[in-house]
Amino acid sequence: MSETSIISTSNLNLWYHEKHALQSVSIRIPKNKVTALIGPSGCGKSTLLRCFNRLNDLIDHVKITGKITLDNEDIHGPDTDVVSLRKKVGMVFQKPNPFPKSIWENVAYGPKVHGVKDKAELDRIVEQSLKHAAIWDEVKDRLNDSALSLSGGQQQRLCIARTLAVEPEVILMDEPCSALDPIATSKIENLIEMLKEEYTVIIVTHNMQQAARVSDYTGFMYLGKLIECGRTVQIFEHPAEELTENYITGRFG
Amino acid sequence: MAEKFHTELKALKKETVAMALFGRTMLRDAVDALVRQDTSLAATVVAKKEQIHIMEVKLEENCYQLIALNQPMAKDMRVIACTLKVITASMRIGRYGKVIANIVKEISDKPHIANLMSIPHMAELVIDMIDDAVKAYETDSIALIADFSARDDTIDALRHSIFREGVTYMLEDPKNISRCTHYIMVARYLERCADHACKIAENVHYMNTGERIEIH
């Protein structure tokens, strides 16, 4: 990978109790690109994703060794503030999880927590974030409606808008379309394409066609190891490793 | 589902090999008919053009369906990409067989000039290349196509030699012009068939390694 990397890990290991869930993972995530992580269930891709914003810290009996840097700074360093790390590295989950509040409140929540109090400024952030998340036209006349009144696809784009509202550098997406229908999926995929102009996106997906469609780089993981990572075209046209070949052609997994 | 797809892919390959051998046999029979001035054998080759066209359409449809329904990747995708090229090349080889067979009707009234010059020898080499390319496709063995560049050079040299020799006979006696023009055209068609064998070889290499090569 010749691009500038925004996140890199070197020799990253993670244990849940005795289970060695990530084994010597070294990966570089290029800036302003979409990187997809693929692999069978339990291979460690979501665990790796959660390392990037230290979400695994919230789980008991997790031990991590190795190094993860964001913008060349160690995210486990003593100077790292986890709250500001998670502001820089936002996350979108498998199932849309809007707060049971209005659409406006959902998006304004993050900036408020980070100290923005001015209503006009909050309005500006809400509008911009909803526009960036390609949902503004659908909700602009009902910002005070409950977020729970939106469809699943709209809720997921609202969650992306909520992530964008705090101006992250990286957006982590853990199976963002698995609960959505094909039309909503297509909207999220188009959105991912637009987002990479300003953000770096890392997406975990079980859907290999989706990884092939939306990503610039793809990493294949198996049993806690990163088997291969390279340009998506190369991985899906002629992977270097036989394991990758066997997985993406459906011979196992 | 992957198992079903891989079974269908194997069947596709098998049927494509059968089509390639069908096209190859059209060429083989056309050359034999030319050498022996056997117009009835030539007529059987011409009659096969519809059949090979039907094979082409059916196999291409098969490829498109496999792509649409399975979204193949990596080697599976490369096998289908290569198969589409093999289908086209086989169709062209068969069609050149038909064109040569049509020539047989035109020039079977009088004996051949200079025993057809090097055409029979050239045809043997071309058909060997087709056989090796198809075998390489069938068995994934790129060793069979390793020397295709040198073999193609030989074919080009033979075509040039037949051209020169044909022109010499034409200059000697204008009555030879029509017959020798046909010989020169046959040499040209054989050379094109060798090019199609090279195209198959290039694609078999891609199918097996993921790397593009150019054979010329």
# chains A, B, ... in the order shown; residues from 1 in each chain; ligands from 1
call {"tool": "select_by_dssp", "arguments": {"residues": "stretch 54-240 of chain A", "states": "strand (DSSP E or B)", "output": "ChimeraX atom specification"}}
result
/A:62-70,73-74,89-92,102,146,170-174,200-204,217-222,225-231
call {"tool": "interface_residues", "arguments": {"of": "chain B", "to": "chain A", "cutoff": "8 Å", "atoms": "only C-alpha atoms", "output": "ChimeraX atom specification"}}
result
/B:2-3,71-78,209-210
call {"tool": "residues_around", "arguments": {"residues": "B:Leu9", "least_positions_apart": "2", "cutoff": "10 Å", "atoms": "only C-alpha atoms", "output": "PyMOL selection string"}}
result
chain B and resi 3-7+11-15+62-63+66+76+79-80+83
call {"tool": "residues_around", "arguments": {"residues": "A:Cys159", "least_positions_apart": "4", "cutoff": "7 Å", "atoms": "only C-alpha atoms", "output": "list in words"}}
result
Val92, Pro96, Asn97, Pro98, Gln155 and Thr163 of chain A
call {"tool": "residues_around", "arguments": {"residues": "B:Leu158", "least_positions_apart": "5", "cutoff": "10 Å", "atoms": "only C-alpha atoms", "output": "ChimeraX atom specification"}}
result
/B:117-119,121-122,152-153,163-164,187-188,191
call {"tool": "write_last_selection", "arguments": {"atoms": "N, CA, C and O atoms", "output": "compact mmCIF listing (two decimals), in the first residue's frame"}}
result
# COMPACT_ATOMS: atom_id res chain seq x y z
N MET B 117 2.56 -26.70 -51.55
CA MET B 117 3.71 -26.03 -50.89
C MET B 117 3.79 -26.51 -49.42
O MET B 117 3.67 -27.69 -49.17
N SER B 118 3.96 -25.57 -48.49
CA SER B 118 4.12 -26.03 -47.10
C SER B 118 2.80 -26.06 -46.33
O SER B 118 2.80 -26.17 -45.09
N ILE B 119 1.69 -25.93 -47.05
CA ILE B 119 0.40 -25.82 -46.33
C ILE B 119 0.12 -27.05 -45.43
O ILE B 119 -0.24 -26.88 -44.26
N HIS B 121 2.15 -29.10 -43.94
CA HIS B 121 3.04 -29.05 -42.76
C HIS B 121 2.59 -27.94 -41.80
O HIS B 121 2.51 -28.15 -40.57
N MET B 122 2.30 -26.78 -42.36
CA MET B 122 1.85 -25.65 -41.53
C MET B 122 0.58 -26.04 -40.78
O MET B 122 0.43 -25.75 -39.58
N ASP B 152 4.57 -19.82 -32.58
CA ASP B 152 3.84 -18.84 -33.39
C ASP B 152 4.78 -18.17 -34.40
O ASP B 152 4.38 -17.88 -35.53
N ASP B 153 6.03 -17.95 -33.99
CA ASP B 153 7.03 -17.39 -34.92
C ASP B 153 7.20 -18.31 -36.13
O ASP B 153 7.32 -17.86 -37.27
N PHE B 163 3.58 -17.33 -49.00
CA PHE B 163 3.25 -16.13 -49.77
C PHE B 163 4.29 -15.91 -50.88
O PHE B 163 3.95 -15.73 -52.05
N ARG B 164 5.58 -15.98 -50.49
CA ARG B 164 6.66 -15.76 -51.47
C ARG B 164 6.61 -16.81 -52.58
O ARG B 164 6.72 -16.48 -53.76
N ALA B 187 -3.11 -20.13 -46.15
CA ALA B 187 -1.99 -19.93 -45.21
C ALA B 187 -2.33 -18.82 -44.20
O ALA B 187 -2.02 -18.92 -43.01
N ARG B 188 -2.99 -17.80 -44.72
CA ARG B 188 -3.40 -16.69 -43.86
C ARG B 188 -4.42 -17.18 -42.81
O ARG B 188 -4.34 -16.85 -41.64
N GLU B 191 -2.71 -19.19 -40.21
CA GLU B 191 -1.97 -18.31 -39.29
C GLU B 191 -2.92 -17.69 -38.27
O GLU B 191 -2.60 -17.58 -37.08
call {"tool": "closest_residue", "arguments": {"among": "B:Tyr137, B:Tyr64, B:Tyr206, B:Phe148", "to": "B:Val17", "atoms": "only C-alpha atoms"}}
result
B:Tyr137
call {"tool": "residues_around", "arguments": {"residues": "A:Asp181", "least_positions_apart": "4", "cutoff": "10 Å", "atoms": "only C-alpha atoms", "output": "list in words"}}
result
Gly152, Gly153, Cys177, Thr185 and Ser186 of chain A
